[in-house]
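Student: As input, take entry34.pdb (PDB, N, CA and C atoms):
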MODEL        1
ATOM      1  N   MET L   1      -3.280  -1.812  17.244
ATOM      2  CA  MET L   1      -4.247  -1.696  16.163
ATOM      3  C   MET L   1      -3.506  -1.561  14.837
ATOM      4  N   VAL L   2      -4.082  -2.118  13.791
ATOM      5  CA  VAL L   2      -3.491  -2.099  12.460
ATOM      6  C   VAL L   2      -4.348  -1.224  11.540
ATOM      7  N   TRP L   3      -3.681  -0.370  10.787
ATOM      8  CA  TRP L   3      -4.345   0.439   9.761
ATOM      9  C   TRP L   3      -3.779   0.019   8.418
ATOM     10  N   GLU L   4      -4.661  -0.343   7.506
ATOM     11  CA  GLU L   4      -4.242  -0.729   6.166
ATOM     12  C   GLU L   4      -4.205   0.506   5.275
ATOM     13  N   LEU L   5      -3.112   0.659   4.545
ATOM     14  CA  LEU L   5      -3.017   1.690   3.522
ATOM     15  C   LEU L   5      -3.460   1.039   2.220
ATOM     16  N   LYS L   6      -4.577   1.508   1.674
ATOM     17  CA  LYS L   6      -5.110   0.926   0.443
ATOM     18  C   LYS L   6      -5.146   1.961  -0.668
ATOM     19  N   MET L   7      -5.121   1.473  -1.891
ATOM     20  CA  MET L   7      -5.189   2.342  -3.060
ATOM     21  C   MET L   7      -6.562   3.002  -3.094
ATOM     22  N   PRO L   8      -6.604   4.331  -2.947
ATOM     23  CA  PRO L   8      -7.898   5.013  -2.984
ATOM     24  C   PRO L   8      -8.391   5.204  -4.419
ATOM     25  N   ARG L   9      -9.686   5.425  -4.557
ATOM     26  CA  ARG L   9     -10.288   5.744  -5.859
ATOM     27  C   ARG L   9     -10.481   7.253  -5.895
ATOM     28  N   LEU L  10      -9.829   7.920  -6.852
ATOM     29  CA  LEU L  10      -9.939   9.367  -6.962
ATOM     30  C   LEU L  10     -11.097   9.808  -7.841
ATOM     31  N   ASP L  11     -11.447   8.979  -8.831
ATOM     32  CA  ASP L  11     -12.594   9.301  -9.674
ATOM     33  C   ASP L  11     -13.176   8.001 -10.223
ATOM     34  N   GLU L  12     -14.332   8.106 -10.863
ATOM     35  CA  GLU L  12     -15.038   6.916 -11.354
ATOM     36  C   GLU L  12     -14.254   6.143 -12.415
ATOM     37  N   ASP L  13     -13.405   6.827 -13.171
ATOM     38  CA  ASP L  13     -12.649   6.180 -14.242
ATOM     39  C   ASP L  13     -11.406   5.447 -13.747
ATOM     40  N   MET L  14     -10.969   5.755 -12.542
ATOM     41  CA  MET L  14      -9.730   5.176 -12.017
ATOM     42  C   MET L  14      -9.926   3.708 -11.660
ATOM     43  N   GLU L  15      -9.023   2.862 -12.157
ATOM     44  CA  GLU L  15      -9.059   1.433 -11.856
ATOM     45  C   GLU L  15      -7.822   0.963 -11.109
ATOM     46  N   GLU L  16      -6.709   1.719 -11.237
ATOM     47  CA  GLU L  16      -5.446   1.322 -10.618
ATOM     48  C   GLU L  16      -4.515   2.525 -10.546
ATOM     49  N   GLY L  17      -3.443   2.360  -9.809
ATOM     50  CA  GLY L  17      -2.429   3.403  -9.702
ATOM     51  C   GLY L  17      -1.066   2.760  -9.511
ATOM     52  N   THR L  18      -0.018   3.526  -9.793
ATOM     53  CA  THR L  18       1.349   3.032  -9.659
ATOM     54  C   THR L  18       2.013   3.700  -8.464
ATOM     55  N   VAL L  19       2.650   2.894  -7.619
ATOM     56  CA  VAL L  19       3.410   3.430  -6.493
ATOM     57  C   VAL L  19       4.657   4.083  -7.069
ATOM     58  N   THR L  20       4.785   5.404  -6.881
ATOM     59  CA  THR L  20       5.948   6.088  -7.434
ATOM     60  C   THR L  20       7.045   6.281  -6.396
ATOM     61  N   ARG L  21       6.643   6.524  -5.124
ATOM     62  CA  ARG L  21       7.673   6.753  -4.102
ATOM     63  C   ARG L  21       7.092   6.581  -2.709
ATOM     64  N   TRP L  22       7.801   5.807  -1.902
ATOM     65  CA  TRP L  22       7.459   5.712  -0.487
ATOM     66  C   TRP L  22       8.155   6.870   0.226
ATOM     67  N   VAL L  23       7.378   7.751   0.824
ATOM     68  CA  VAL L  23       7.918   8.893   1.562
ATOM     69  C   VAL L  23       8.504   8.413   2.893
ATOM     70  N   LYS L  24       7.865   7.431   3.489
ATOM     71  CA  LYS L  24       8.342   6.821   4.733
ATOM     72  C   LYS L  24       8.951   5.459   4.411
ATOM     73  N   LYS L  25       9.903   5.066   5.203
ATOM     74  CA  LYS L  25      10.531   3.753   5.052
ATOM     75  C   LYS L  25       9.904   2.782   6.047
ATOM     76  N   GLU L  26       9.963   1.501   5.720
ATOM     77  CA  GLU L  26       9.445   0.477   6.613
ATOM     78  C   GLU L  26      10.137   0.590   7.971
ATOM     79  N   GLY L  27       9.340   0.608   9.041
ATOM     80  CA  GLY L  27       9.865   0.705  10.395
ATOM     81  C   GLY L  27       9.850   2.116  10.962
ATOM     82  N   GLU L  28       9.643   3.126  10.116
ATOM     83  CA  GLU L  28       9.630   4.514  10.593
ATOM     84  C   GLU L  28       8.294   4.858  11.260
ATOM     85  N   PRO L  29       8.337   5.723  12.266
ATOM     86  CA  PRO L  29       7.080   6.169  12.888
ATOM     87  C   PRO L  29       6.315   7.089  11.940
ATOM     88  N   VAL L  30       4.976   7.010  12.004
ATOM     89  CA  VAL L  30       4.112   7.888  11.220
ATOM     90  C   VAL L  30       2.987   8.410  12.105
ATOM     91  N   GLU L  31       2.550   9.605  11.805
ATOM     92  CA  GLU L  31       1.427  10.212  12.508
ATOM     93  C   GLU L  31       0.216  10.226  11.591
ATOM     94  N   LYS L  32      -0.960  10.134  12.175
ATOM     95  CA  LYS L  32      -2.198  10.206  11.407
ATOM     96  C   LYS L  32      -2.199  11.488  10.572
ATOM     97  N   GLY L  33      -2.502  11.370   9.285
ATOM     98  CA  GLY L  33      -2.541  12.508   8.381
ATOM     99  C   GLY L  33      -1.225  12.818   7.700
ATOM    100  N   GLU L  34      -0.159  12.149   8.089
ATOM    101  CA  GLU L  34       1.155  12.358   7.485
ATOM    102  C   GLU L  34       1.243  11.605   6.153
ATOM    103  N   VAL L  35       1.881  12.215   5.158
ATOM    104  CA  VAL L  35       2.052  11.579   3.852
ATOM    105  C   VAL L  35       2.994  10.389   3.985
ATOM    106  N   VAL L  36       2.550   9.254   3.434
ATOM    107  CA  VAL L  36       3.325   8.019   3.539
ATOM    108  C   VAL L  36       3.843   7.556   2.175
ATOM    109  N   VAL L  37       3.014   7.710   1.139
ATOM    110  CA  VAL L  37       3.364   7.181  -0.186
ATOM    111  C   VAL L  37       2.771   8.065  -1.282
ATOM    112  N   GLU L  38       3.468   8.119  -2.417
ATOM    113  CA  GLU L  38       2.978   8.858  -3.576
ATOM    114  C   GLU L  38       2.539   7.865  -4.653
ATOM    115  N   ILE L  39       1.409   8.187  -5.285
ATOM    116  CA  ILE L  39       0.794   7.327  -6.288
ATOM    117  C   ILE L  39       0.585   8.124  -7.571
ATOM    118  N   GLU L  40       0.744   7.468  -8.698
ATOM    119  CA  GLU L  40       0.508   8.103  -9.998
ATOM    120  C   GLU L  40      -0.573   7.333 -10.746
ATOM    121  N   THR L  41      -1.504   8.086 -11.356
ATOM    122  CA  THR L  41      -2.516   7.489 -12.222
ATOM    123  C   THR L  41      -2.330   8.070 -13.617
ATOM    124  N   GLN L  42      -3.222   7.736 -14.526
ATOM    125  CA  GLN L  42      -3.135   8.293 -15.873
ATOM    126  C   GLN L  42      -3.356   9.800 -15.862
ATOM    127  N   LYS L  43      -4.073  10.300 -14.860
ATOM    128  CA  LYS L  43      -4.452  11.712 -14.837
ATOM    129  C   LYS L  43      -3.664  12.563 -13.851
ATOM    130  N   VAL L  44      -3.191  11.984 -12.745
ATOM    131  CA  VAL L  44      -2.645  12.807 -11.662
ATOM    132  C   VAL L  44      -1.681  12.010 -10.786
ATOM    133  N   THR L  45      -0.800  12.737 -10.100
ATOM    134  CA  THR L  45       0.027  12.158  -9.044
ATOM    135  C   THR L  45      -0.512  12.695  -7.725
ATOM    136  N   PHE L  46      -0.701  11.828  -6.740
ATOM    137  CA  PHE L  46      -1.254  12.258  -5.467
ATOM    138  C   PHE L  46      -0.551  11.556  -4.314
ATOM    139  N   GLN L  47      -0.821  12.024  -3.095
ATOM    140  CA  GLN L  47      -0.189  11.482  -1.902
ATOM    141  C   GLN L  47      -1.232  10.780  -1.040
ATOM    142  N   VAL L  48      -0.835   9.660  -0.462
ATOM    143  CA  VAL L  48      -1.701   8.916   0.447
ATOM    144  C   VAL L  48      -1.220   9.194   1.860
ATOM    145  N   GLU L  49      -2.157   9.584   2.726
ATOM    146  CA  GLU L  49      -1.834   9.911   4.113
ATOM    147  C   GLU L  49      -2.130   8.728   5.029
ATOM    148  N   ALA L  50      -1.446   8.700   6.158
ATOM    149  CA  ALA L  50      -1.649   7.665   7.162
ATOM    150  C   ALA L  50      -3.037   7.824   7.785
ATOM    151  N   SER L  51      -3.740   6.719   7.933
ATOM    152  CA  SER L  51      -5.070   6.735   8.530
ATOM    153  C   SER L  51      -5.015   6.581  10.051
ATOM    154  N   GLY L  52      -3.833   6.346  10.579
ATOM    155  CA  GLY L  52      -3.641   6.221  12.017
ATOM    156  C   GLY L  52      -2.175   6.410  12.350
ATOM    157  N   SER L  53      -1.882   6.579  13.626
ATOM    158  CA  SER L  53      -0.501   6.762  14.086
ATOM    159  C   SER L  53       0.097   5.427  14.513
ATOM    160  N   GLY L  54       1.390   5.287  14.313
ATOM    161  CA  GLY L  54       2.110   4.070  14.683
ATOM    162  C   GLY L  54       3.409   4.006  13.917
ATOM    163  N   TYR L  55       3.688   2.844  13.361
ATOM    164  CA  TYR L  55       4.897   2.626  12.561
ATOM    165  C   TYR L  55       4.492   2.081  11.202
ATOM    166  N   LEU L  56       5.218   2.470  10.151
ATOM    167  CA  LEU L  56       5.011   1.835   8.855
ATOM    168  C   LEU L  56       5.616   0.441   8.995
ATOM    169  N   SER L  57       4.795  -0.475   9.431
ATOM    170  CA  SER L  57       5.253  -1.807   9.803
ATOM    171  C   SER L  57       5.598  -2.685   8.618
ATOM    172  N   LEU L  58       4.912  -2.460   7.497
ATOM    173  CA  LEU L  58       5.126  -3.336   6.348
ATOM    174  C   LEU L  58       4.772  -2.613   5.060
ATOM    175  N   ILE L  59       5.670  -2.644   4.102
ATOM    176  CA  ILE L  59       5.400  -2.152   2.752
ATOM    177  C   ILE L  59       5.083  -3.371   1.902
ATOM    178  N   VAL L  60       3.876  -3.419   1.364
ATOM    179  CA  VAL L  60       3.449  -4.548   0.544
ATOM    180  C   VAL L  60       3.671  -4.243  -0.934
ATOM    181  N   ALA L  61       3.284  -3.043  -1.383
ATOM    182  CA  ALA L  61       3.420  -2.644  -2.787
ATOM    183  C   ALA L  61       4.745  -1.924  -2.983
ATOM    184  N   GLN L  62       5.544  -2.393  -3.885
ATOM    185  CA  GLN L  62       6.856  -1.810  -4.137
ATOM    186  C   GLN L  62       6.772  -0.657  -5.139
ATOM    187  N   GLU L  63       7.764   0.228  -5.110
ATOM    188  CA  GLU L  63       7.815   1.335  -6.061
ATOM    189  C   GLU L  63       7.824   0.782  -7.483
ATOM    190  N   GLY L  64       7.007   1.399  -8.350
ATOM    191  CA  GLY L  64       6.879   0.959  -9.728
ATOM    192  C   GLY L  64       5.783  -0.072  -9.936
ATOM    193  N   GLU L  65       5.206  -0.584  -8.857
ATOM    194  CA  GLU L  65       4.182  -1.618  -8.959
ATOM    195  C   GLU L  65       2.801  -1.004  -9.204
ATOM    196  N   LEU L  66       2.042  -1.611 -10.100
ATOM    197  CA  LEU L  66       0.688  -1.198 -10.432
ATOM    198  C   LEU L  66      -0.273  -1.906  -9.477
ATOM    199  N   ILE L  67      -1.102  -1.127  -8.762
ATOM    200  CA  ILE L  67      -1.991  -1.678  -7.736
ATOM    201  C   ILE L  67      -3.437  -1.310  -8.069
ATOM    202  N   PRO L  68      -4.370  -2.276  -7.996
ATOM    203  CA  PRO L  68      -5.779  -1.977  -8.266
ATOM    204  C   PRO L  68      -6.409  -1.167  -7.133
ATOM    205  N   ILE L  69      -7.544  -0.547  -7.410
ATOM    206  CA  ILE L  69      -8.288   0.182  -6.391
ATOM    207  C   ILE L  69      -8.546  -0.756  -5.217
ATOM    208  N   ASN L  70      -8.376  -0.264  -4.007
ATOM    209  CA  ASN L  70      -8.523  -0.997  -2.746
ATOM    210  C   ASN L  70      -7.444  -2.053  -2.526
ATOM    211  N   GLY L  71      -6.449  -2.121  -3.421
ATOM    212  CA  GLY L  71      -5.329  -3.036  -3.221
ATOM    213  C   GLY L  71      -4.469  -2.554  -2.061
ATOM    214  N   LEU L  72      -3.886  -3.466  -1.344
ATOM    215  CA  LEU L  72      -3.080  -3.145  -0.171
ATOM    216  C   LEU L  72      -1.727  -2.567  -0.561
ATOM    217  N   LEU L  73      -1.435  -1.375  -0.043
ATOM    218  CA  LEU L  73      -0.151  -0.711  -0.270
ATOM    219  C   LEU L  73       0.825  -1.033   0.860
ATOM    220  N   GLY L  74       0.342  -0.938   2.076
ATOM    221  CA  GLY L  74       1.186  -1.158   3.241
ATOM    222  C   GLY L  74       0.348  -1.226   4.495
ATOM    223  N   VAL L  75       1.032  -1.405   5.639
ATOM    224  CA  VAL L  75       0.350  -1.560   6.915
ATOM    225  C   VAL L  75       1.021  -0.682   7.963
ATOM    226  N   ILE L  76       0.197   0.066   8.682
ATOM    227  CA  ILE L  76       0.669   0.847   9.828
ATOM    228  C   ILE L  76       0.198   0.121  11.072
ATOM    229  N   GLY L  77       1.105  -0.120  11.982
ATOM    230  CA  GLY L  77       0.741  -0.834  13.204
ATOM    231  C   GLY L  77       1.547  -0.341  14.375
ATOM    232  N   GLU L  78       1.303  -0.968  15.504
ATOM    233  CA  GLU L  78       2.046  -0.650  16.717
ATOM    234  C   GLU L  78       3.284  -1.532  16.769
ATOM    235  N   GLU L  79       4.241  -1.129  17.557
ATOM    236  CA  GLU L  79       5.468  -1.906  17.698
ATOM    237  C   GLU L  79       5.141  -3.305  18.216
ATOM    238  N   GLY L  80       5.719  -4.325  17.588
ATOM    239  CA  GLY L  80       5.525  -5.704  18.019
ATOM    240  C   GLY L  80       4.227  -6.338  17.530
ATOM    241  N   GLU L  81       3.480  -5.660  16.687
ATOM    242  CA  GLU L  81       2.215  -6.170  16.154
ATOM    243  C   GLU L  81       2.461  -7.429  15.318
ATOM    244  N   ASP L  82       1.553  -8.414  15.417
ATOM    245  CA  ASP L  82       1.664  -9.640  14.630
ATOM    246  C   ASP L  82       1.141  -9.375  13.218
ATOM    247  N   LEU L  83       2.034  -9.377  12.243
ATOM    248  CA  LEU L  83       1.671  -9.069  10.861
ATOM    249  C   LEU L  83       1.898 -10.251   9.928
ATOM    250  N   ARG L  84       1.864 -11.465  10.462
ATOM    251  CA  ARG L  84       2.143 -12.647   9.634
ATOM    252  C   ARG L  84       1.223 -12.751   8.423
ATOM    253  N   SER L  85      -0.061 -12.466   8.596
ATOM    254  CA  SER L  85      -0.993 -12.595   7.466
ATOM    255  C   SER L  85      -0.663 -11.574   6.378
ATOM    256  N   TYR L  86      -0.223 -10.379   6.768
ATOM    257  CA  TYR L  86       0.150  -9.357   5.788
ATOM    258  C   TYR L  86       1.468  -9.716   5.108
ATOM    259  N   ARG L  87       2.408 -10.260   5.852
ATOM    260  CA  ARG L  87       3.685 -10.667   5.257
ATOM    261  C   ARG L  87       3.463 -11.757   4.210
ATOM    262  N   ALA L  88       2.494 -12.638   4.454
ATOM    263  CA  ALA L  88       2.168 -13.685   3.484
ATOM    264  C   ALA L  88       1.662 -13.062   2.189
ATOM    265  N   LEU L  89       0.877 -11.982   2.279
ATOM    266  CA  LEU L  89       0.390 -11.301   1.076
ATOM    267  C   LEU L  89       1.548 -10.746   0.266
ATOM    268  N   ARG L  90       2.524 -10.177   0.953
ATOM    269  CA  ARG L  90       3.679  -9.617   0.251
ATOM    270  C   ARG L  90       4.435 -10.724  -0.477
ATOM    271  N   GLY L  91       4.593 -11.870   0.154
ATOM    272  CA  GLY L  91       5.285 -12.988  -0.466
ATOM    273  C   GLY L  91       4.534 -13.549  -1.657
ATOM    274  N   GLU L  92       3.212 -13.649  -1.557
ATOM    275  CA  GLU L  92       2.395 -14.169  -2.646
ATOM    276  C   GLU L  92       2.426 -13.238  -3.850
ATOM    277  N   ARG L  93       2.409 -11.929  -3.602
ATOM    278  CA  ARG L  93       2.388 -10.972  -4.714
ATOM    279  C   ARG L  93       3.616 -11.153  -5.584
ATOM    280  N   GLY L  94       4.775 -11.386  -4.994
ATOM    281  CA  GLY L  94       6.002 -11.538  -5.757
ATOM    282  C   GLY L  94       6.046 -12.810  -6.588
ATOM    283  N   LYS L  95       5.275 -13.831  -6.200
ATOM    284  CA  LYS L  95       5.285 -15.112  -6.910
ATOM    285  C   LYS L  95       4.395 -15.108  -8.138
ATOM    286  N   LYS L  96       3.333 -14.300  -8.123
ATOM    287  CA  LYS L  96       2.384 -14.285  -9.233
ATOM    288  C   LYS L  96       2.831 -13.287 -10.276
ATOM    289  N   GLU L  97       2.888 -13.719 -11.530
ATOM    290  CA  GLU L  97       3.306 -12.831 -12.612
ATOM    291  C   GLU L  97       2.381 -12.986 -13.797
ATOM    292  N   THR L  98       2.232 -11.912 -14.525
ATOM    293  CA  THR L  98       1.470 -11.948 -15.765
ATOM    294  C   THR L  98       2.396 -12.451 -16.858
ATOM    295  N   PRO L  99       1.864 -12.833 -18.009
ATOM    296  CA  PRO L  99       2.733 -13.317 -19.096
ATOM    297  C   PRO L  99       3.808 -12.310 -19.502
ATOM    298  N   SER L 100       3.553 -11.012 -19.329
ATOM    299  CA  SER L 100       4.542 -10.004 -19.704
ATOM    300  C   SER L 100       5.683  -9.924 -18.692
ATOM    301  N   GLY L 101       5.518 -10.585 -17.540
ATOM    302  CA  GLY L 101       6.559 -10.568 -16.518
ATOM    303  C   GLY L 101       6.314  -9.550 -15.430
ATOM    304  N   ALA L 102       5.283  -8.736 -15.561
ATOM    305  CA  ALA L 102       4.971  -7.753 -14.519
ATOM    306  C   ALA L 102       4.299  -8.455 -13.343
ATOM    307  N   ALA L 103       4.557  -7.973 -12.148
ATOM    308  CA  ALA L 103       3.957  -8.572 -10.959
ATOM    309  C   ALA L 103       2.447  -8.387 -10.981
ATOM    310  N   LYS L 104       1.721  -9.437 -10.601
ATOM    311  CA  LYS L 104       0.267  -9.380 -10.545
ATOM    312  C   LYS L 104      -0.145  -9.325  -9.073
ATOM    313  N   PRO L 105      -1.007  -8.348  -8.676
ATOM    314  CA  PRO L 105      -1.408  -8.250  -7.278
ATOM    315  C   PRO L 105      -2.163  -9.483  -6.825
ATOM    316  N   ALA L 106      -1.923  -9.898  -5.590
ATOM    317  CA  ALA L 106      -2.630 -11.033  -5.016
ATOM    318  C   ALA L 106      -4.031 -10.597  -4.587
ATOM    319  N   PRO L 107      -5.026 -11.493  -4.639
ATOM    320  CA  PRO L 107      -6.358 -11.140  -4.160
ATOM    321  C   PRO L 107      -6.297 -10.874  -2.657
ATOM    322  N   LEU L 108      -7.107  -9.912  -2.201
ATOM    323  CA  LEU L 108      -7.078  -9.537  -0.801
ATOM    324  C   LEU L 108      -8.389  -9.883  -0.116
ATOM    325  N   ALA L 109      -8.305 -10.330   1.121
ATOM    326  CA  ALA L 109      -9.484 -10.574   1.931
ATOM    327  C   ALA L 109      -9.857  -9.279   2.655
ATOM    328  N   PRO L 110     -11.120  -9.090   3.004
ATOM    329  CA  PRO L 110     -11.506  -7.882   3.731
ATOM    330  C   PRO L 110     -10.794  -7.795   5.076
ATOM    331  N   ALA L 111     -10.500  -6.562   5.491
ATOM    332  CA  ALA L 111      -9.816  -6.327   6.771
ATOM    333  C   ALA L 111     -10.782  -6.556   7.904
ATOM    334  N   GLY L 112     -10.219  -6.994   9.038
ATOM    335  CA  GLY L 112     -11.004  -7.035  10.261
ATOM    336  C   GLY L 112     -11.502  -8.329  10.574
TER     337      GLY L 112
ENDMDL
END
Could you write out this structure as structure tokens?
Tutor:
Amino acid sequence: MVWELKMPRLDEDMEEGTVTRWVKKEGEPVEKGEVVVEIETQKVTFQVEASGSGYLSLIVAQEGELIPINGLLGVIGEEGEDLRSYRALRGERGKKETPSGAAKPAPLAPAG
């Protein structure tokens, strides 16, 4: 089973957040409820917890990257899980840039 780590909305004014630090590294085991990544907004820094147990199979959003609400941060899965569609998202995100040169998040399809 795959659990998507997405940018949560903390309040009505929040539109995006910046990944400040991955607490877990790609490939490390994680338990449900364990802190995986730290996010910073204009108002607060907070921690995102794992929604399921498994491995941090893929980091999609890199440290310093600005991610919109519900944007994909990473994927928790079981060992050997097929993550080709998620890996494609990571590759697309790096190719799209805004005129200022900052990475622009790729549009995401609903999970499931």
Student: Expand the PyMOL selection byres ((chain L and resi 68-78) around 8) into the explicit residue set it covers here, and present it as JSON, numbers by chain.
Tutor: {"L": [1, 2, 3, 4, 5, 6, 7, 8, 9, 10, 14, 15, 16, 17, 18, 30, 50, 51, 52, 53, 54, 55, 56, 57, 58, 59, 60, 61, 62, 65, 66, 67, 79, 80, 81, 82, 86, 105, 106, 107, 108]}
Student: Just so the selection is clear, what residues does the PyMOL selection byres (((chain L and resi 43 and name CA) around 10) and name CA) cover here, as a PyMOL selection string?
Tutor: chain L and resi 10-11+13-14+17+40-42+44-46
Student: Taking (0.3, 14.1, 5.7) in the coordinates of the supplied file, I want to know which residues reach to within 6.5 Å of it, counting all atoms listed in the file; could you give the answer as JSON, numbers by chain?
Tutor: {"L": [32, 33, 34, 35, 36, 48, 49, 50]}
Student: Would you give the centre and edge lengths, in Å to one decimal, of a box along x, y and z around the listed atoms of range 17-28 of chain L, with 3 Å added to each side, as lines of an AutoDock Vina configuration file?
Tutor:
center_x = 3.5
center_y = 4.7
center_z = 0.7
size_x = 20.0
size_y = 14.4
size_z = 27.1
Student: So the first atom is atom C of Glu31 in chain L and the second is atom N of Glu12 in chain L; what is the distance between them in Å, to one decimal place?
Tutor: 26.8 Å
Student: Find the distance between CA of Glu63 in chain L and CA of Lys24 in chain L and write it in Å to one decimal.
Tutor: 12.1 Å
Student: Just give me the gap between atom C of Thr20 in chain L and atom N of Arg87 in chain L in Å, one decimal is fine.
Tutor: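 So the two atoms, atom C of Thr20 in chain L and atom N of Arg87 in chain L, lie 21.1 Å apart.
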Student: Once DSSP has gone over the backbone, tell me which residues of range 5-104 of chain L are in alpha helix (DSSP H), as number ranges by chain.
Tutor: L: 84-95
